[in-house]
Amino acid sequence: MDKYIICGERRLTGTVDISGAKNAVVAILPATVLANGVCRIENIPNIADVDTALEILNSLGATVSRIDKHTVEIDSRTIVTQTVPHDLAKKMRASYYFIGALLGRFGKASVPMPGGCYFGVRPIDQHLKGFTALGAQVLPMKNGMISACADSLVGNSVYLDMVSVGATVNIMLAAVYAEGITVIENAAKEPHIVDLANFLNSMGADIRGAGTDVIKVRGVNRLYGTTYSIIPDQIEAGTYMAAAVATGGDVTVRNVIPKHLESITAKLQEMGAEIEEFDEEIRVSAGNFLRHCNVKTMPHPGFPTDMQPQIAVLLSMAEGTSIINEGVWENRYRYVDELRRMGAEIQVDGKLAVIQGVPHLTAAPVKAMDLRAGAAMVIAAMAAHGVTEIEDIQYIERGYEDLVEKLRGLGADIRRVSEDEPALQTAQ
Ligand code: EPZ
């Protein structure tokens, strides 16, 4: 596997264009299974998870045409099987969205238990509860495959035990053709949930309330092909904003929806950053110093858990003591040991992390433990004294388009090298 070599203490300055949202596109691509026609999806990010989703569509028999780096056309009328291959499903968490889509369209689906980032146990009981509520039969797990079938799907009310993005997506997908009305209560309200609902409605679905905690889906008889553009990625934008603050820089993120970034913007301002908002861009200038603060990650519109590792890097260099309370995942601190190698002083106890700020981080050989943990290590390396090597960068490249090129465009000293390049004597 390749690795990144990053020379620290470089201020990031300039503008960076934000790509389409990973967590929207990995839901919308499976949703094209539901269309009786060609779907043209624009502004897709050029990332490994998109490649995997398109390979799965192809393996089902759909006709997939890559128009350019950011545009694809999909015709699902040629689908011949409702079974997703193991080798593709295990590459990403969102492969389980094909259960809801295939069940919704064909009344059957067989999909392997998904892969994806490890944050402790990641159950899917709420997804299955939703499918069952719609009248599907979920078969006992066999050979790691989740299989569901239904002669017909009938609308029903589903109250989610906890706010779940995945369950909200999967139940919406299964419900669009179900007879009558499906009500999803305690639904997730993330921007990518709204984007999926807007996409489905552009195909002729009848979904109301996306973005609130009650989503109503009225079943329809037919969904048509459509042309749709993916929303900008709030987490990619937040990651670059955090990198600007970490390096004492001045960066404008372009092609964003500022409203989607409100909780991130507010937290960076609380830490001393200066923020200027425009219609489709946000300028972030680091303050003279980083102020400590507390962070509790919550479902949208709270502070996003997918920004937790990145904000922890900033707090590890802030004056004073900060506390992070991870409100979504059982264990999302696997990056802490890597950050400690760089001099961070962090104590983790269950969902709480107590961070004692240090004047600066210092380069060390580290690993990307998962997608956002890896992004956090990149931020730490760009701020640290010395030259840092980051291994296992494949996790990072699952979710960040052209990361090296975009960061170099902002003045970072980062390069991608093959893993067998001799280890650096990390300069202190
Ligand atoms: C989605 O994961 C995102 N992934 C995650 O982003 C994100 O961290 C998460 O939502 C929360 O925003 C994609 O969209 C592809 P959940 P998901 O269902 O859907 C529990 C990234 O970095 N739960 O909202 O898997 C679960 O264990 C990734 O882009 C159940 O108990 O998350 C967790 O504690 C990482 N049973 C909580 O709910 C269920 O059936 C929220 O999970 C489902 C979830």
# chains A, B, ... in the order shown; residues from 1 in each chain; ligands from 1
$ residues_around --residues "Ala27 of chain A" --least-positions-apart "2" --cutoff "8 Å" --atoms "only C-alpha atoms" --output "mmCIF file with N, CA, C and O atoms, in the first residue's frame"
data_model
loop_
_atom_site.group_PDB
_atom_site.id
_atom_site.type_symbol
_atom_site.label_atom_id
_atom_site.label_comp_id
_atom_site.auth_asym_id
_atom_site.auth_seq_id
_atom_site.Cartn_x
_atom_site.Cartn_y
_atom_site.Cartn_z
ATOM 1 N N ASN A 23 -21.311 10.646 1.204
ATOM 2 C CA ASN A 23 -22.409 9.944 1.870
ATOM 3 C C ASN A 23 -23.749 10.160 1.190
ATOM 4 O O ASN A 23 -24.705 9.448 1.484
ATOM 5 N N ALA A 24 -23.784 11.121 0.246
ATOM 6 C CA ALA A 24 -24.985 11.256 -0.593
ATOM 7 C C ALA A 24 -24.874 10.320 -1.791
ATOM 8 O O ALA A 24 -25.799 9.565 -2.096
ATOM 9 N N VAL A 25 -23.719 10.311 -2.445
ATOM 10 C CA VAL A 25 -23.587 9.538 -3.691
ATOM 11 C C VAL A 25 -23.660 8.028 -3.430
ATOM 12 O O VAL A 25 -24.201 7.279 -4.242
ATOM 13 N N LEU A 29 -26.478 6.285 -5.805
ATOM 14 C CA LEU A 29 -26.150 5.287 -6.843
ATOM 15 C C LEU A 29 -26.969 3.997 -6.671
ATOM 16 O O LEU A 29 -27.584 3.532 -7.633
ATOM 17 N N PRO A 30 -27.066 3.412 -5.469
ATOM 18 C CA PRO A 30 -27.970 2.254 -5.318
ATOM 19 C C PRO A 30 -29.423 2.608 -5.646
ATOM 20 O O PRO A 30 -30.156 1.803 -6.187
ATOM 21 N N ALA A 31 -29.816 3.846 -5.372
ATOM 22 C CA ALA A 31 -31.213 4.245 -5.622
ATOM 23 C C ALA A 31 -31.555 4.221 -7.110
ATOM 24 O O ALA A 31 -32.732 4.104 -7.488
ATOM 25 N N ALA A 94 -21.598 1.197 2.679
ATOM 26 C CA ALA A 94 -22.862 1.589 2.028
ATOM 27 C C ALA A 94 -23.354 0.534 1.061
ATOM 28 O O ALA A 94 -24.422 0.669 0.470
ATOM 29 N N TYR A 97 -27.000 -0.542 1.172
ATOM 30 C CA TYR A 97 -28.124 0.217 0.598
ATOM 31 C C TYR A 97 -28.755 -0.550 -0.571
ATOM 32 O O TYR A 97 -29.894 -0.286 -0.960
ATOM 33 N N VAL A 169 -32.052 5.771 5.207
ATOM 34 C CA VAL A 169 -31.838 5.597 3.758
ATOM 35 C C VAL A 169 -32.470 4.294 3.279
ATOM 36 O O VAL A 169 -33.261 4.279 2.329
ATOM 37 N N LEU A 196 -30.912 12.488 -1.030
ATOM 38 C CA LEU A 196 -31.504 11.234 -1.539
ATOM 39 C C LEU A 196 -32.994 11.432 -1.810
ATOM 40 O O LEU A 196 -33.503 11.033 -2.869
#
$ select_by_dssp --residues "segment 179-380 of chain A" --states "strand (DSSP E)" --output "MDAnalysis selection string"
chainID A and resid 181:185 206:208 214:218 227:229 250:254 274:277 281:285 295:297 321:326 345:349 352:356 366:367
$ write_last_selection --atoms "C-alpha atoms" --output "tab-separated table (two decimals), in the first residue's frame"
chain	number	residue	atom	x	y	z
A	181	ILE	CA	-47.83	5.41	3.10
A	182	THR	CA	-44.66	4.68	5.07
A	183	VAL	CA	-43.80	6.96	7.99
A	184	ILE	CA	-40.23	6.93	9.31
A	185	GLU	CA	-40.12	8.51	12.76
A	206	ASP	CA	-43.51	11.04	-3.36
A	207	ILE	CA	-41.35	11.70	-0.27
A	208	ARG	CA	-42.07	14.51	2.18
A	214	VAL	CA	-40.61	12.45	10.34
A	215	ILE	CA	-40.35	11.32	6.71
A	216	LYS	CA	-43.47	10.23	4.80
A	217	VAL	CA	-43.16	8.06	1.67
A	218	ARG	CA	-46.27	7.53	-0.45
A	227	THR	CA	-30.68	13.94	-14.26
A	228	TYR	CA	-29.40	14.92	-10.83
A	229	SER	CA	-26.38	16.72	-9.31
A	250	ASP	CA	-6.24	31.32	5.26
A	251	VAL	CA	-8.35	29.09	2.99
A	252	THR	CA	-11.56	29.57	1.02
A	253	VAL	CA	-13.61	26.41	0.40
A	254	ARG	CA	-15.71	26.81	-2.78
A	274	GLU	CA	-12.29	34.02	11.63
A	275	ILE	CA	-15.01	32.90	9.22
A	276	GLU	CA	-16.52	34.80	6.28
A	277	GLU	CA	-19.58	33.23	4.63
A	281	GLU	CA	-18.07	29.59	-0.32
A	282	ILE	CA	-16.60	30.07	3.14
A	283	ARG	CA	-13.29	31.76	3.98
A	284	VAL	CA	-11.50	30.46	7.08
A	285	SER	CA	-8.59	32.38	8.61
A	295	VAL	CA	-17.29	19.14	21.57
A	296	LYS	CA	-20.26	16.76	21.65
A	297	THR	CA	-20.91	14.92	18.41
A	321	THR	CA	-8.03	21.36	28.40
A	322	SER	CA	-10.81	20.25	26.05
A	323	ILE	CA	-13.33	17.42	26.26
A	324	ILE	CA	-14.84	15.50	23.34
A	325	ASN	CA	-18.01	13.48	23.93
A	326	GLU	CA	-18.62	11.05	21.04
A	345	GLU	CA	-1.84	14.40	25.32
A	346	ILE	CA	-5.23	12.68	25.17
A	347	GLN	CA	-6.94	10.41	27.69
A	348	VAL	CA	-9.88	8.33	26.46
A	349	ASP	CA	-12.51	6.83	28.75
A	352	LEU	CA	-15.09	10.78	26.44
A	353	ALA	CA	-11.68	12.09	25.36
A	354	VAL	CA	-9.89	14.64	27.56
A	355	ILE	CA	-7.29	16.61	25.61
A	356	GLN	CA	-4.52	18.67	27.22
A	366	VAL	CA	1.68	6.95	11.80
A	367	LYS	CA	-1.18	5.02	10.23
$ select_by_dssp --residues "segment 158-311 of chain A" --states "helix (DSSP H, G or I)" --output "count of residues only"
56
$ residues_near_ligand --ligand "ligand 1" --cutoff "7 Å" --atoms "only C-alpha atoms and all ligand atoms" --output "number ranges by chain"
A: 22-23, 26, 93-94, 117, 121-127, 162-167, 299, 304-306, 328-330, 371-372
$ closest_residue --among "A:Val220, A:Ala381, A:Ala368, A:Ala178" --to "Lys3 of chain A" --atoms "only C-alpha atoms"
A:Ala368
$ closest_residue --among "A:Ile47, A:Ile74, A:Tyr177, A:Asp68" --to "Gly107 of chain A" --atoms "only C-alpha atoms"
A:Tyr177
$ residues_around --residues "Ile257 of chain A" --least-positions-apart "4" --cutoff "9 Å" --atoms "only C-alpha atoms" --output "PyMOL selection string"
chain A and resi 231-234+261+279-282
$ write_last_selection --atoms "N, CA, C and O atoms" --output "PDB file, in the first residue's frame"
ATOM      1  N   ILE A 231     -25.065  16.993  -3.973  1.00  0.00           N
ATOM      2  CA  ILE A 231     -24.707  18.168  -3.137  1.00  0.00           C
ATOM      3  C   ILE A 231     -23.216  18.127  -2.785  1.00  0.00           C
ATOM      4  O   ILE A 231     -22.600  17.061  -2.823  1.00  0.00           O
ATOM      5  N   PRO A 232     -22.647  19.283  -2.411  1.00  0.00           N
ATOM      6  CA  PRO A 232     -21.249  19.314  -1.993  1.00  0.00           C
ATOM      7  C   PRO A 232     -21.054  18.550  -0.683  1.00  0.00           C
ATOM      8  O   PRO A 232     -21.988  18.440   0.121  1.00  0.00           O
ATOM      9  N   ASP A 233     -19.830  18.080  -0.477  1.00  0.00           N
ATOM     10  CA  ASP A 233     -19.529  17.235   0.691  1.00  0.00           C
ATOM     11  C   ASP A 233     -19.210  18.101   1.917  1.00  0.00           C
ATOM     12  O   ASP A 233     -18.144  18.721   1.985  1.00  0.00           O
ATOM     13  N   GLN A 234     -20.133  18.091   2.897  1.00  0.00           N
ATOM     14  CA  GLN A 234     -19.954  18.941   4.088  1.00  0.00           C
ATOM     15  C   GLN A 234     -18.731  18.506   4.888  1.00  0.00           C
ATOM     16  O   GLN A 234     -18.044  19.343   5.470  1.00  0.00           O
ATOM     17  N   LEU A 261     -22.801  23.562   6.946  1.00  0.00           N
ATOM     18  CA  LEU A 261     -21.540  23.611   7.700  1.00  0.00           C
ATOM     19  C   LEU A 261     -21.671  24.402   8.993  1.00  0.00           C
ATOM     20  O   LEU A 261     -20.670  24.665   9.668  1.00  0.00           O
ATOM     21  N   ASP A 279     -22.301  33.127  -0.633  1.00  0.00           N
ATOM     22  CA  ASP A 279     -23.396  32.246  -1.080  1.00  0.00           C
ATOM     23  C   ASP A 279     -22.952  30.791  -1.168  1.00  0.00           C
ATOM     24  O   ASP A 279     -23.608  29.873  -0.707  1.00  0.00           O
ATOM     25  N   GLU A 280     -21.793  30.586  -1.877  1.00  0.00           N
ATOM     26  CA  GLU A 280     -21.372  29.187  -2.112  1.00  0.00           C
ATOM     27  C   GLU A 280     -19.925  28.948  -1.692  1.00  0.00           C
ATOM     28  O   GLU A 280     -19.283  28.023  -2.184  1.00  0.00           O
ATOM     29  N   GLU A 281     -19.422  29.835  -0.811  1.00  0.00           N
ATOM     30  CA  GLU A 281     -18.066  29.588  -0.319  1.00  0.00           C
ATOM     31  C   GLU A 281     -17.893  30.151   1.083  1.00  0.00           C
ATOM     32  O   GLU A 281     -18.685  30.980   1.537  1.00  0.00           O
ATOM     33  N   ILE A 282     -16.905  29.633   1.772  1.00  0.00           N
ATOM     34  CA  ILE A 282     -16.598  30.067   3.143  1.00  0.00           C
ATOM     35  C   ILE A 282     -15.096  30.291   3.237  1.00  0.00           C
ATOM     36  O   ILE A 282     -14.312  29.439   2.813  1.00  0.00           O
TER      37      ILE A 282
END
$ closest_residue --among "A:Glu236, A:Ala175, A:Thr78, A:Asp420" --to "Arg398 of chain A" --atoms "only C-alpha atoms"
A:Glu236
$ residues_around --residues "Ser110 of chain A" --least-positions-apart "2" --cutoff "6 Å" --atoms "only C-alpha atoms" --output "MDAnalysis selection string"
chainID A and resid 83 146:147
$ write_last_selection --atoms "C-alpha atoms" --output "CSV table (one decimal), in the first residue's frame"
chain,number,residue,atom,x,y,z
A,83,THR,CA,-27.4,-10.8,-5.4
A,146,ILE,CA,-28.3,-10.8,4.4
A,147,SER,CA,-31.4,-11.9,2.3
$ closest_residue --among "A:Asn58, A:Leu128, A:Phe199, A:Thr81" --to "Ile41 of chain A" --atoms "only C-alpha atoms"
A:Phe199
$ atom_distance --atom1 "atom CA of Asn201 of chain A" --atom2 "atom CA of Ile18 of chain A"
25.0 Å
$ residues_around --residues "Leu339 of chain A" --least-positions-apart "4" --cutoff "9 Å" --atoms "only C-alpha atoms" --output "ChimeraX atom specification"
/A:313,316,335,343-346,361,366,376-377,380
$ write_last_selection --atoms "N, CA, C and O atoms" --output "CSV table (one decimal), in the first residue's frame"
chain,number,residue,atom,x,y,z
A,313,VAL,N,-7.5,17.0,16.5
A,313,VAL,CA,-6.2,17.5,16.2
A,313,VAL,C,-6.0,19.0,16.6
A,313,VAL,O,-5.0,19.3,17.2
A,316,SER,N,-5.8,19.3,20.2
A,316,SER,CA,-4.5,18.8,20.8
A,316,SER,C,-3.5,19.9,20.8
A,316,SER,O,-2.4,19.8,21.4
A,335,TYR,N,-7.8,6.6,16.4
A,335,TYR,CA,-6.7,7.5,15.9
A,335,TYR,C,-5.9,8.0,17.1
A,335,TYR,O,-4.8,8.5,16.9
A,343,GLY,N,2.8,13.4,19.9
A,343,GLY,CA,3.0,14.3,21.1
A,343,GLY,C,1.7,14.8,21.7
A,343,GLY,O,1.7,15.5,22.6
A,344,ALA,N,0.6,14.3,21.1
A,344,ALA,CA,-0.7,14.8,21.7
A,344,ALA,C,-0.9,14.2,23.1
A,344,ALA,O,-0.5,13.0,23.3
A,345,GLU,N,-1.6,14.9,24.0
A,345,GLU,CA,-1.8,14.4,25.3
A,345,GLU,C,-3.4,14.2,25.4
A,345,GLU,O,-4.1,15.2,25.7
A,346,ILE,N,-3.8,13.0,25.2
A,346,ILE,CA,-5.2,12.7,25.2
A,346,ILE,C,-5.5,11.5,26.0
A,346,ILE,O,-4.8,10.4,25.9
A,361,LEU,N,2.7,19.7,17.7
A,361,LEU,CA,2.9,18.3,17.5
A,361,LEU,C,4.2,18.1,16.8
A,361,LEU,O,4.8,19.0,16.2
A,366,VAL,N,3.0,7.2,11.3
A,366,VAL,CA,1.7,6.9,11.8
A,366,VAL,C,0.9,6.2,10.7
A,366,VAL,O,1.3,6.1,9.6
A,376,ALA,N,-7.5,13.1,9.7
A,376,ALA,CA,-7.0,13.8,10.9
A,376,ALA,C,-5.5,13.7,11.0
A,376,ALA,O,-4.8,14.7,11.3
A,377,MET,N,-4.9,12.6,10.6
A,377,MET,CA,-3.5,12.4,10.6
A,377,MET,C,-2.8,13.3,9.6
A,377,MET,O,-1.7,13.9,9.8
A,380,ALA,N,-2.8,16.7,11.1
A,380,ALA,CA,-1.7,16.8,12.2
A,380,ALA,C,-0.4,16.9,11.5
A,380,ALA,O,0.5,17.7,12.0
$ residues_around --residues "Tyr96 of chain A" --least-positions-apart "2" --cutoff "9 Å" --atoms "only C-alpha atoms" --output "PyMOL selection string"
chain A and resi 89+92-94+98-100+111-114+146+166+170
$ closest_residue --among "A:Ile235, A:Ala244, A:Leu290, A:Val194" --to "Glu262 of chain A" --atoms "only C-alpha atoms"
A:Ile235
